[in-house]
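A.B. asks: start_26.cif is the file, holding mmCIF, C-alpha atoms:
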data_work
loop_
_atom_site.label_atom_id
_atom_site.label_comp_id
_atom_site.auth_asym_id
_atom_site.auth_seq_id
_atom_site.Cartn_x
_atom_site.Cartn_y
_atom_site.Cartn_z
CA MET A 719 34.21 -3.94 -7.22
CA ALA A 720 32.22 -1.20 -8.89
CA LEU A 721 29.50 -3.70 -9.82
CA ARG A 722 29.00 -4.49 -6.14
CA THR A 723 28.55 -0.88 -5.15
CA ALA A 724 25.16 0.81 -5.41
CA ILE A 725 25.35 3.66 -7.90
CA LEU A 726 22.68 6.31 -8.17
CA ALA A 727 22.95 8.09 -11.50
CA ILE A 728 20.43 10.91 -11.72
CA MET A 729 19.85 12.75 -14.97
CA ALA A 730 18.65 16.32 -15.23
CA SER A 731 14.89 16.71 -15.08
CA MET A 732 12.89 17.54 -18.18
CA ALA A 733 13.24 21.12 -19.35
CA ALA A 734 11.67 23.46 -16.81
CA GLY A 735 9.44 20.73 -15.39
CA TRP A 736 9.52 18.18 -12.60
CA ILE A 737 7.42 16.14 -10.19
CA THR A 738 8.12 16.76 -6.52
CA ILE A 739 7.12 14.17 -3.91
CA LYS A 740 6.78 15.61 -0.41
CA ARG A 741 6.53 13.09 2.43
CA THR A 742 5.40 14.13 5.91
CA GLN A 743 5.61 11.76 8.88
CA PRO A 744 3.20 11.63 11.85
CA ASP A 745 5.67 13.74 13.89
CA GLU A 746 5.44 16.46 11.17
CA THR A 747 9.01 15.95 9.91
CA SER A 748 9.08 16.04 6.12
CA THR A 749 11.33 15.38 3.15
CA SER A 750 11.03 16.25 -0.52
CA GLU A 751 12.49 14.58 -3.59
CA TYR A 752 12.08 14.62 -7.33
CA ALA A 753 10.24 11.64 -8.78
CA LYS A 754 12.51 9.27 -10.66
CA THR A 755 12.50 5.95 -12.40
CA CYS A 756 15.25 3.40 -11.82
CA THR A 757 16.54 0.43 -13.78
CA GLU A 758 18.73 -2.26 -12.25
CA LEU A 759 21.68 -2.71 -14.61
CA ALA A 760 23.35 -5.35 -12.47
CA PRO A 761 23.11 -6.59 -8.87
CA GLY A 762 23.67 -3.53 -6.69
CA VAL A 763 23.86 -1.15 -9.67
CA ASN A 764 20.88 1.10 -10.37
CA TYR A 765 20.49 3.71 -13.08
CA CYS A 766 17.96 6.38 -12.11
CA ALA A 767 16.56 9.32 -14.04
CA GLU A 768 14.27 12.06 -12.82
CA ILE A 769 10.87 12.18 -14.48
CA GLY A 770 8.80 15.25 -15.14
CA ARG A 771 6.40 17.03 -17.44
CA LYS A 772 7.64 19.75 -19.74
CA ASN A 773 6.98 23.24 -18.36
CA GLU A 774 4.91 21.85 -15.47
CA HIS A 775 5.73 21.73 -11.76
CA ILE A 776 3.70 18.92 -10.22
CA LEU A 777 3.32 18.08 -6.53
CA VAL A 778 2.52 14.71 -4.98
CA ASP A 779 1.93 15.24 -1.26
CA VAL A 780 2.09 12.19 1.03
CA ARG A 781 1.09 12.72 4.66
CA SER A 782 1.42 9.60 6.81
CA THR A 783 -0.90 9.44 9.81
CA TYR A 784 0.33 6.06 11.09
CA VAL A 785 3.61 4.23 10.48
CA PRO A 786 4.35 0.80 12.04
CA GLU A 787 7.33 0.50 14.38
CA GLN A 788 8.90 -2.16 12.15
CA CYS A 789 8.92 -1.87 8.37
CA ILE A 790 8.68 -5.51 7.34
CA ARG A 791 7.74 -4.89 3.71
CA LYS A 792 7.86 -1.76 1.55
CA VAL A 793 5.78 -0.90 -1.47
CA LYS A 794 7.86 -1.18 -4.65
CA THR A 795 7.26 -0.02 -8.21
CA ASP A 796 5.62 -3.30 -9.25
CA SER A 797 4.11 -4.36 -5.91
CA GLN A 798 0.74 -6.06 -5.68
CA LEU A 799 -1.23 -4.72 -2.74
CA LEU A 800 -4.27 -5.23 -0.56
CA LEU A 801 -5.58 -1.78 0.29
CA VAL A 802 -8.31 0.08 2.11
CA PHE A 803 -8.86 3.47 0.51
CA THR A 804 -11.18 6.28 -0.48
CA GLY A 805 -10.69 8.76 -3.31
CA ASP A 806 -11.95 12.36 -3.46
CA ALA A 807 -11.79 15.03 -6.17
CA GLY A 808 -11.76 18.79 -5.76
CA PRO A 809 -12.30 21.04 -4.02
CA SER A 810 -13.87 23.27 -6.65
CA ALA A 811 -15.43 26.70 -6.65
CA ASP A 812 -18.82 24.99 -6.69
CA GLY A 813 -18.33 22.87 -3.59
CA PRO A 814 -16.17 20.66 -1.35
CA TRP A 815 -14.33 17.42 -2.08
CA GLN A 816 -16.40 14.85 -3.98
CA ARG A 817 -16.02 11.14 -3.15
CA PHE A 818 -15.59 9.08 -6.34
CA ILE A 819 -14.35 5.71 -5.06
CA THR A 820 -14.39 3.66 -1.85
CA GLN A 821 -12.76 0.31 -1.11
CA GLU A 822 -13.27 -0.86 2.46
CA ASP A 823 -13.43 -4.66 2.37
CA PHE A 824 -9.92 -5.84 1.52
CA THR A 825 -10.95 -9.48 2.09
CA VAL A 826 -12.85 -9.59 -1.22
CA ALA A 827 -10.94 -6.93 -3.17
CA GLU A 828 -8.66 -7.81 -6.06
CA ALA A 829 -4.97 -7.15 -5.55
CA LEU A 830 -3.87 -3.81 -7.01
CA LYS A 831 -0.70 -4.03 -9.10
CA LEU A 832 1.10 -0.72 -9.33
CA ASN A 833 2.11 0.75 -12.69
CA SER A 834 -0.05 -1.71 -14.60
CA GLY A 835 -2.84 0.64 -15.66
CA GLN A 836 -4.94 -0.08 -12.55
CA SER A 837 -3.99 3.15 -10.78
CA LEU A 838 -3.06 6.74 -11.54
CA GLU A 839 0.54 7.93 -11.78
CA GLY A 840 0.17 10.30 -8.82
CA PHE A 841 -1.13 7.42 -6.71
CA ASN A 842 1.73 5.15 -7.82
CA LEU A 843 4.36 7.78 -7.01
CA GLY A 844 2.83 8.56 -3.63
CA ILE A 845 2.33 5.03 -2.34
CA GLU A 846 5.71 3.67 -3.47
CA GLY A 847 8.08 3.42 -0.53
CA LEU A 848 5.38 3.22 2.15
CA CYS A 849 5.67 0.40 4.66
CA GLU A 850 3.07 -2.31 5.02
CA GLY A 851 0.58 -1.17 7.65
CA THR A 852 1.04 2.55 6.94
CA LYS A 853 -1.97 4.86 6.79
CA ALA A 854 -1.54 7.98 4.68
CA THR A 855 -3.26 10.72 2.72
CA ILE A 856 -1.94 11.11 -0.84
CA THR A 857 -2.87 14.32 -2.66
CA PHE A 858 -1.72 15.07 -6.19
CA SER A 859 -2.12 17.41 -9.13
CA PRO A 860 -4.56 16.69 -11.97
CA GLN A 861 -1.68 16.28 -14.45
CA VAL A 862 -0.81 12.96 -12.79
CA GLY A 863 -4.47 12.17 -12.15
CA PHE A 864 -7.35 11.87 -14.56
CA ASP A 865 -6.01 14.74 -16.72
CA ASP A 866 -2.97 12.61 -17.57
CA PRO A 867 -3.29 11.78 -21.30
CA GLN A 868 -1.41 8.52 -20.71
CA THR A 869 -3.73 7.14 -18.04
CA LYS A 870 -5.73 4.02 -18.84
CA MET A 871 -8.30 4.75 -16.15
CA ALA A 872 -11.71 6.13 -17.08
CA ARG A 873 -12.65 9.44 -15.51
CA PRO A 874 -15.55 9.08 -13.02
CA ALA A 875 -18.60 11.18 -13.85
CA ASN A 876 -18.19 13.43 -10.80
CA VAL A 877 -14.48 14.18 -11.35
CA LEU A 878 -14.18 17.41 -13.30
CA GLU A 879 -11.27 18.29 -15.54
CA GLY A 880 -8.57 20.03 -13.54
CA SER A 881 -9.51 18.30 -10.28
CA THR A 882 -6.89 17.70 -7.61
CA LEU A 883 -7.20 14.17 -6.21
CA ARG A 884 -6.91 13.00 -2.62
CA TYR A 885 -6.71 9.40 -1.42
CA HIS A 886 -6.93 8.19 2.17
CA VAL A 887 -5.18 4.83 2.05
CA GLU A 888 -4.09 2.00 4.33
CA VAL A 889 -1.49 -0.45 3.03
CA VAL A 890 -3.01 -3.62 4.50
CA LYS A 891 -0.64 -6.08 2.83
CA VAL A 892 2.23 -6.11 0.35
CA LEU A 893 1.58 -9.47 -1.27
CA LYS A 894 4.13 -12.15 -2.01
CA VAL A 895 3.96 -13.04 -5.70
CA ALA A 896 4.39 -16.45 -7.33
CA PRO A 897 6.79 -16.93 -10.28
CA ASP A 898 3.82 -16.76 -12.67
CA GLY A 899 2.94 -13.29 -11.38
CA VAL A 900 -0.12 -14.35 -9.39
CA PRO A 901 -0.10 -13.10 -5.77
CA TYR A 902 -0.38 -15.60 -2.94
CA ARG A 903 -3.35 -15.26 -0.62
CA PRO A 904 -2.32 -13.56 2.62
CA CYS A 905 -2.75 -15.00 6.10
CA PHE A 906 -6.11 -13.54 7.10
CA PHE A 907 -5.82 -15.19 10.49
CA SER A 908 -2.92 -12.92 11.49
CA LEU A 909 -4.71 -9.85 10.09
CA ILE A 910 -7.58 -10.50 12.51
CA ASP A 911 -5.46 -11.76 15.44
CA VAL A 912 -3.97 -8.32 16.09
CA ASP A 913 -2.54 -9.17 19.53
CA GLY A 914 -0.63 -12.18 18.15
CA SER A 915 -2.07 -14.59 20.70
CA GLU A 916 -2.84 -17.22 18.02
CA ASP A 917 -6.48 -17.04 19.13
CA ILE A 918 -9.21 -14.78 17.77
CA ASP A 919 -11.71 -13.54 20.33
CA GLU A 920 -15.03 -11.77 19.81
CA VAL A 921 -13.49 -8.33 20.38
CA GLU A 922 -10.97 -8.91 17.57
CA LEU A 923 -13.73 -10.21 15.32
CA ALA A 924 -15.87 -7.14 16.03
CA ARG A 925 -12.93 -4.85 15.24
CA HIS A 926 -12.21 -6.72 12.01
CA PHE A 927 -15.77 -6.47 10.69
CA ALA A 928 -15.98 -2.82 11.74
CA ARG A 929 -12.75 -2.21 9.83
CA ILE A 930 -14.15 -3.66 6.60
CA LYS A 931 -17.55 -1.99 7.21
CA ARG A 932 -19.52 -5.24 7.28
CA PRO A 933 -21.85 -6.64 9.95
CA MET A 934 -20.40 -9.59 11.85
CA PRO A 935 -22.29 -12.77 10.82
CA PRO A 936 -23.94 -14.48 13.82
CA SER A 937 -22.55 -17.80 12.60
CA VAL A 938 -18.91 -16.73 12.70
CA MET A 939 -18.36 -18.14 16.20
CA ASN A 940 -19.47 -21.56 14.95
CA GLU A 941 -15.80 -22.06 14.14
CA ASP A 942 -15.12 -22.12 17.89
CA LYS A 943 -15.44 -25.91 18.01
CA ASP A 944 -14.37 -26.31 21.64
CA GLU A 945 -16.64 -23.43 22.72
CA ASP A 946 -13.97 -21.66 24.76
CA GLY A 947 -14.95 -18.24 23.38
CA ARG A 948 -11.97 -18.04 21.01
CA ILE A 949 -11.19 -19.30 17.51
CA SER A 950 -7.81 -20.99 17.53
CA PHE A 951 -5.44 -21.25 14.57
CA ASP A 952 -6.49 -24.87 14.02
CA GLU A 953 -10.19 -23.98 14.20
CA PHE A 954 -9.93 -21.05 11.77
CA SER A 955 -11.11 -22.13 8.29
CA GLY A 956 -9.93 -19.09 6.32
CA PRO A 957 -6.55 -18.48 4.64
CA LYS A 958 -3.76 -19.02 7.16
CA ILE A 959 -0.04 -19.66 7.43
CA PRO A 960 1.62 -21.33 10.44
CA ARG A 961 3.29 -18.91 12.84
CA ALA A 962 6.82 -20.24 12.31
CA ALA A 963 6.50 -19.82 8.55
CA ARG A 964 5.07 -16.30 8.96
CA GLU A 965 7.90 -15.23 11.25
CA ALA A 966 10.54 -16.68 8.93
CA GLN A 967 9.02 -14.86 5.95
CA ASP A 968 8.76 -11.60 7.92
CA GLN A 969 12.43 -11.84 8.93
CA GLU A 970 13.51 -12.51 5.35
CA ASP A 971 11.42 -9.63 4.00
CA MET A 972 12.60 -7.24 6.72
CA LEU A 973 16.24 -7.98 5.86
CA ALA A 974 15.48 -7.36 2.18
CA THR A 975 13.69 -4.10 3.02
CA SER A 976 16.59 -2.81 5.12
CA GLY A 977 19.13 -3.81 2.49
CA THR A 978 20.88 -6.14 4.94
CA LYS A 979 22.14 -9.48 3.67
CA SER A 980 22.81 -12.57 5.70
CA GLU A 981 26.41 -13.74 5.81
CA LEU A 982 27.37 -17.39 5.87
#
Let's see the structure in the file written out as structure tokens.

C.D. replies:
Amino acid sequence: MALRTAILAIMASMAAGWITIKRTQPDETSTSEYAKTCTELAPGVNYCAEIGRKNEHILVDVRSTYVPEQCIRKVKTDSQLLLVFTGDAGPSADGPWQRFITQEDFTVAEALKLNSGQSLEGFNLGIEGLCEGTKATITFSPQVGFDDPQTKMARPANVLEGSTLRYHVEVVKVLKVAPDGVPYRPCFFSLIDVDGSEDIDEVELARHFARIKRPMPPSVMNEDKDEDGRISFDEFSGPKIPRAAREAQDQEDMLATSGTKSEL
């Protein structure tokens, strides 16, 4: 029976040092926890240990500005993500925050795989646990940023040593991954069809292109073959998944996220 019961075994943090993750919701309620790493020993049995840096107290501050009503998918340690984000460094005595990276067009961006060397530890710790669709600001200490001796990321020219980092991020999509580790392409139709009508009108198209900071091509409405002013699911030529399949996948993922299992 013990193997079917979730066990959280937390070791003492490293001597006189720890990483605190503070999470604040849009309603200003907040929680704090020590960062930890977990290993699944058996189904339902996790072994977790707090992680830290010797003699250093490090803060990762996560302030969510928007959280969806339903959490269909959550970011996990090894998730592959489509994101919209900006990154700033500072502020310093010489000036304000300095922008060092911007990713606005998620339709052409490569998927970001967490904890694979593509992102900083502070970013990984902050974004893990966020729900798909969440918008948040993640701010963290330089020790888990570009000052981290273990990071594989090159320091941008305008990021000084000792710089605090701040990311404004939107979790556009937590991608489903094939057995070979390659993420499946998401359903771009549903990302544009925000009202769920199974038709994309010009207002939704304008909002989509404004979101990815690109001008709307005049030819985009050429896909409206029946000239009714809307692009239907059948007319849409981009990546798409039928509604029934999307809803079934969402239900399965939501059950997995909540920890609920179906009973036969």

A.B. asks: Starting from the PyMOL selection byres ((chain A and resi 826-837) around 12), expand the selection into actual residues of this file and give them as a PyMOL selection string.

C.D. replies: chain A and resi 755+793-803+805+820-825+838-847+862-864+866+868-873+885+889-895+899-904+906+930+932

A.B. asks: What residues come out when you apply the PyMOL selection byres ((chain A and resi 956) around 9) to this file, written as a list in words?

C.D. replies: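 That expression, the PyMOL selection byres ((chain A and resi 956) around 9), corresponds here to Cys905, Phe906, Phe907, Phe954, Ser955, Pro957 and Lys958 of chain A.
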
A.B. asks: Using only C-alpha atoms, pick whichever of A:Val921, A:Leu759, A:Ala875, A:Ala896 has the shortest atom-to-atom distance to Phe818 (chain A).

C.D. replies: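 Among A:Val921, A:Leu759, A:Ala875, A:Ala896, it is A:Ala875 that comes nearest to Phe818 (chain A).
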
A.B. asks: With all atoms listed in the file as the basis for distance, which of A:Ala807, A:Ala966, A:Ala854, A:Ile959 is at the shortest distance from Arg781 (chain A)?

C.D. replies: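 Answer, going by the shortest atom-to-atom distance: A:Ala854.
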
A.B. asks: Could you state the separation of CA of Leu848 (chain A) and CA of Tyr784 (chain A) in Å, given to one decimal place?

C.D. replies: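 Here the two named atoms are 10.7 Å from each other.
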
A.B. asks: Calculate how many Å separate CA of Val780 (chain A) from CA of Ala974 (chain A), rounding to one decimal.

C.D. replies: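 CA of Ala974 (chain A) lies 23.7 Å from CA of Val780 (chain A).
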
A.B. asks: Got a sec: who's within 9 Å of Pro809 (chain A), counting all atoms listed in the file, leaving out chain neighbours fewer than 6 positions off, as an MDAnalysis selection string?

C.D. replies: chainID A and resid 815:816 881:883

A.B. asks: Work out how far CA of Ile776 (chain A) is from CA of Ser748 (chain A), in Å to one decimal.

C.D. replies: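 CA of Ile776 (chain A) lies 17.4 Å from CA of Ser748 (chain A).
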
A.B. asks: With only C-alpha atoms as the basis for distance, which of A:Asp946, A:Asp806, A:Asp971, A:Glu965 is at the shortest distance from Gly914 (chain A)?

C.D. replies: A:Glu965

A.B. asks: Just checking: using only C-alpha atoms, which residue out of A:Gly808, A:Arg964, A:Glu879, A:Ile769 ends up closest to Pro867 (chain A)?

C.D. replies: A:Glu879

A.B. asks: Pick the closest to Asp942 (chain A) from A:Asp919, A:Glu758, A:Asp898, A:Asp911: which is it, counting all atoms listed in the file?

C.D. replies: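 Selected residue with least distance to Asp942 (chain A): A:Asp919.
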
A.B. asks: Taking into account all atoms listed in the file, which residue in the set A:Arg741, A:Asn764, A:Thr852, A:Arg817 is nearest to Pro786 (chain A)?

C.D. replies: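 Closest to Pro786 (chain A), using all atoms listed in the file: A:Thr852.
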
A.B. asks: The PyMOL selection byres ((chain A and resi 736-738) around 6) on the file shown: which residues, as a short mmCIF file (atom, residue, chain, number, x, y, z; two decimals) with C-alpha atoms, in the frame of the given file?

C.D. replies:
data_model
loop_
_atom_site.label_atom_id
_atom_site.label_comp_id
_atom_site.auth_asym_id
_atom_site.auth_seq_id
_atom_site.Cartn_x
_atom_site.Cartn_y
_atom_site.Cartn_z
CA GLY A 735 9.44 20.73 -15.39
CA ILE A 739 7.12 14.17 -3.91
CA GLU A 751 12.49 14.58 -3.59
CA TYR A 752 12.08 14.62 -7.33
CA ALA A 753 10.24 11.64 -8.78
CA GLY A 770 8.80 15.25 -15.14
CA ARG A 771 6.40 17.03 -17.44
CA HIS A 775 5.73 21.73 -11.76
CA ILE A 776 3.70 18.92 -10.22
CA LEU A 777 3.32 18.08 -6.53
#

A.B. asks: What would region 898-909 of chain A look like with all heavy atoms restored, written as a PDB file, in the coordinates of the input?

C.D. replies:
ATOM      1  N   ASP A 898       4.679 -17.049 -11.518  1.00  0.00           N
ATOM      2  CA  ASP A 898       3.820 -16.760 -12.670  1.00  0.00           C
ATOM      3  C   ASP A 898       3.138 -15.400 -12.564  1.00  0.00           C
ATOM      4  O   ASP A 898       2.308 -15.045 -13.405  1.00  0.00           O
ATOM      5  CB  ASP A 898       2.768 -17.857 -12.848  1.00  0.00           C
ATOM      6  CG  ASP A 898       1.830 -17.988 -11.646  1.00  0.00           C
ATOM      7  OD1 ASP A 898       1.992 -17.212 -10.669  1.00  0.00           O
ATOM      8  OD2 ASP A 898       0.942 -18.862 -11.678  1.00  0.00           O
ATOM      9  N   GLY A 899       3.488 -14.624 -11.520  1.00  0.00           N
ATOM     10  CA  GLY A 899       2.940 -13.290 -11.380  1.00  0.00           C
ATOM     11  C   GLY A 899       1.656 -13.197 -10.587  1.00  0.00           C
ATOM     12  O   GLY A 899       1.137 -12.100 -10.357  1.00  0.00           O
ATOM     13  N   VAL A 900       1.123 -14.335 -10.160  1.00  0.00           N
ATOM     14  CA  VAL A 900      -0.120 -14.350  -9.390  1.00  0.00           C
ATOM     15  C   VAL A 900       0.213 -14.209  -7.901  1.00  0.00           C
ATOM     16  O   VAL A 900       1.053 -14.953  -7.384  1.00  0.00           O
ATOM     17  CB  VAL A 900      -0.911 -15.650  -9.635  1.00  0.00           C
ATOM     18  CG1 VAL A 900      -2.167 -15.692  -8.771  1.00  0.00           C
ATOM     19  CG2 VAL A 900      -1.268 -15.772 -11.106  1.00  0.00           C
ATOM     20  N   PRO A 901      -0.422 -13.270  -7.194  1.00  0.00           N
ATOM     21  CA  PRO A 901      -0.100 -13.100  -5.770  1.00  0.00           C
ATOM     22  C   PRO A 901      -0.658 -14.233  -4.920  1.00  0.00           C
ATOM     23  O   PRO A 901      -1.740 -14.758  -5.194  1.00  0.00           O
ATOM     24  CB  PRO A 901      -0.772 -11.769  -5.419  1.00  0.00           C
ATOM     25  CG  PRO A 901      -1.899 -11.644  -6.392  1.00  0.00           C
ATOM     26  CD  PRO A 901      -1.411 -12.283  -7.660  1.00  0.00           C
ATOM     27  N   TYR A 902       0.107 -14.614  -3.897  1.00  0.00           N
ATOM     28  CA  TYR A 902      -0.380 -15.600  -2.940  1.00  0.00           C
ATOM     29  C   TYR A 902      -1.429 -14.954  -2.041  1.00  0.00           C
ATOM     30  O   TYR A 902      -1.375 -13.756  -1.757  1.00  0.00           O
ATOM     31  CB  TYR A 902       0.771 -16.117  -2.073  1.00  0.00           C
ATOM     32  CG  TYR A 902       1.795 -16.937  -2.809  1.00  0.00           C
ATOM     33  CD1 TYR A 902       3.057 -16.419  -3.085  1.00  0.00           C
ATOM     34  CD2 TYR A 902       1.514 -18.238  -3.218  1.00  0.00           C
ATOM     35  CE1 TYR A 902       4.013 -17.174  -3.753  1.00  0.00           C
ATOM     36  CE2 TYR A 902       2.465 -19.000  -3.882  1.00  0.00           C
ATOM     37  CZ  TYR A 902       3.711 -18.464  -4.148  1.00  0.00           C
ATOM     38  OH  TYR A 902       4.651 -19.208  -4.809  1.00  0.00           O
ATOM     39  N   ARG A 903      -2.371 -15.762  -1.573  1.00  0.00           N
ATOM     40  CA  ARG A 903      -3.350 -15.260  -0.620  1.00  0.00           C
ATOM     41  C   ARG A 903      -2.661 -14.982   0.709  1.00  0.00           C
ATOM     42  O   ARG A 903      -1.841 -15.779   1.169  1.00  0.00           O
ATOM     43  CB  ARG A 903      -4.493 -16.259  -0.423  1.00  0.00           C
ATOM     44  CG  ARG A 903      -5.297 -16.543  -1.673  1.00  0.00           C
ATOM     45  CD  ARG A 903      -6.555 -17.317  -1.338  1.00  0.00           C
ATOM     46  NE  ARG A 903      -7.552 -16.465  -0.710  1.00  0.00           N
ATOM     47  CZ  ARG A 903      -8.712 -16.907  -0.220  1.00  0.00           C
ATOM     48  NH1 ARG A 903      -8.989 -18.192  -0.259  1.00  0.00           N
ATOM     49  NH2 ARG A 903      -9.570 -16.073   0.324  1.00  0.00           N
ATOM     50  N   PRO A 904      -2.967 -13.869   1.347  1.00  0.00           N
ATOM     51  CA  PRO A 904      -2.320 -13.560   2.620  1.00  0.00           C
ATOM     52  C   PRO A 904      -2.910 -14.377   3.763  1.00  0.00           C
ATOM     53  O   PRO A 904      -3.941 -15.042   3.599  1.00  0.00           O
ATOM     54  CB  PRO A 904      -2.631 -12.071   2.807  1.00  0.00           C
ATOM     55  CG  PRO A 904      -3.957 -11.906   2.137  1.00  0.00           C
ATOM     56  CD  PRO A 904      -3.923 -12.828   0.938  1.00  0.00           C
ATOM     57  N   CYS A 905      -2.263 -14.319   4.903  1.00  0.00           N
ATOM     58  CA  CYS A 905      -2.750 -15.000   6.100  1.00  0.00           C
ATOM     59  C   CYS A 905      -3.786 -14.097   6.778  1.00  0.00           C
ATOM     60  O   CYS A 905      -3.438 -13.184   7.527  1.00  0.00           O
ATOM     61  CB  CYS A 905      -1.595 -15.294   7.050  1.00  0.00           C
ATOM     62  SG  CYS A 905      -2.115 -16.085   8.593  1.00  0.00           S
ATOM     63  N   PHE A 906      -5.063 -14.354   6.504  1.00  0.00           N
ATOM     64  CA  PHE A 906      -6.110 -13.540   7.100  1.00  0.00           C
ATOM     65  C   PHE A 906      -6.213 -13.760   8.607  1.00  0.00           C
ATOM     66  O   PHE A 906      -6.663 -12.885   9.342  1.00  0.00           O
ATOM     67  CB  PHE A 906      -7.459 -13.813   6.429  1.00  0.00           C
ATOM     68  CG  PHE A 906      -7.617 -13.127   5.103  1.00  0.00           C
ATOM     69  CD1 PHE A 906      -7.780 -13.851   3.940  1.00  0.00           C
ATOM     70  CD2 PHE A 906      -7.596 -11.745   5.017  1.00  0.00           C
ATOM     71  CE1 PHE A 906      -7.915 -13.213   2.715  1.00  0.00           C
ATOM     72  CE2 PHE A 906      -7.735 -11.094   3.800  1.00  0.00           C
ATOM     73  CZ  PHE A 906      -7.891 -11.837   2.644  1.00  0.00           C
ATOM     74  N   PHE A 907      -5.787 -14.933   9.054  1.00  0.00           N
ATOM     75  CA  PHE A 907      -5.820 -15.190  10.490  1.00  0.00           C
ATOM     76  C   PHE A 907      -5.005 -14.147  11.247  1.00  0.00           C
ATOM     77  O   PHE A 907      -5.473 -13.562  12.225  1.00  0.00           O
ATOM     78  CB  PHE A 907      -5.279 -16.595  10.791  1.00  0.00           C
ATOM     79  CG  PHE A 907      -5.269 -16.943  12.256  1.00  0.00           C
ATOM     80  CD1 PHE A 907      -6.391 -17.483  12.860  1.00  0.00           C
ATOM     81  CD2 PHE A 907      -4.139 -16.715  13.030  1.00  0.00           C
ATOM     82  CE1 PHE A 907      -6.390 -17.788  14.222  1.00  0.00           C
ATOM     83  CE2 PHE A 907      -4.129 -17.018  14.385  1.00  0.00           C
ATOM     84  CZ  PHE A 907      -5.252 -17.554  14.982  1.00  0.00           C
ATOM     85  N   SER A 908      -3.781 -13.877  10.786  1.00  0.00           N
ATOM     86  CA  SER A 908      -2.920 -12.920  11.490  1.00  0.00           C
ATOM     87  C   SER A 908      -3.412 -11.485  11.337  1.00  0.00           C
ATOM     88  O   SER A 908      -3.133 -10.636  12.186  1.00  0.00           O
ATOM     89  CB  SER A 908      -1.473 -13.041  11.011  1.00  0.00           C
ATOM     90  OG  SER A 908      -1.372 -12.760   9.630  1.00  0.00           O
ATOM     91  N   LEU A 909      -4.151 -11.189  10.266  1.00  0.00           N
ATOM     92  CA  LEU A 909      -4.710  -9.850  10.090  1.00  0.00           C
ATOM     93  C   LEU A 909      -5.833  -9.586  11.095  1.00  0.00           C
ATOM     94  O   LEU A 909      -6.083  -8.436  11.471  1.00  0.00           O
ATOM     95  CB  LEU A 909      -5.236  -9.671   8.667  1.00  0.00           C
ATOM     96  CG  LEU A 909      -4.180  -9.599   7.560  1.00  0.00           C
ATOM     97  CD1 LEU A 909      -4.841  -9.569   6.190  1.00  0.00           C
ATOM     98  CD2 LEU A 909      -3.278  -8.390   7.747  1.00  0.00           C
TER      99      LEU A 909
END
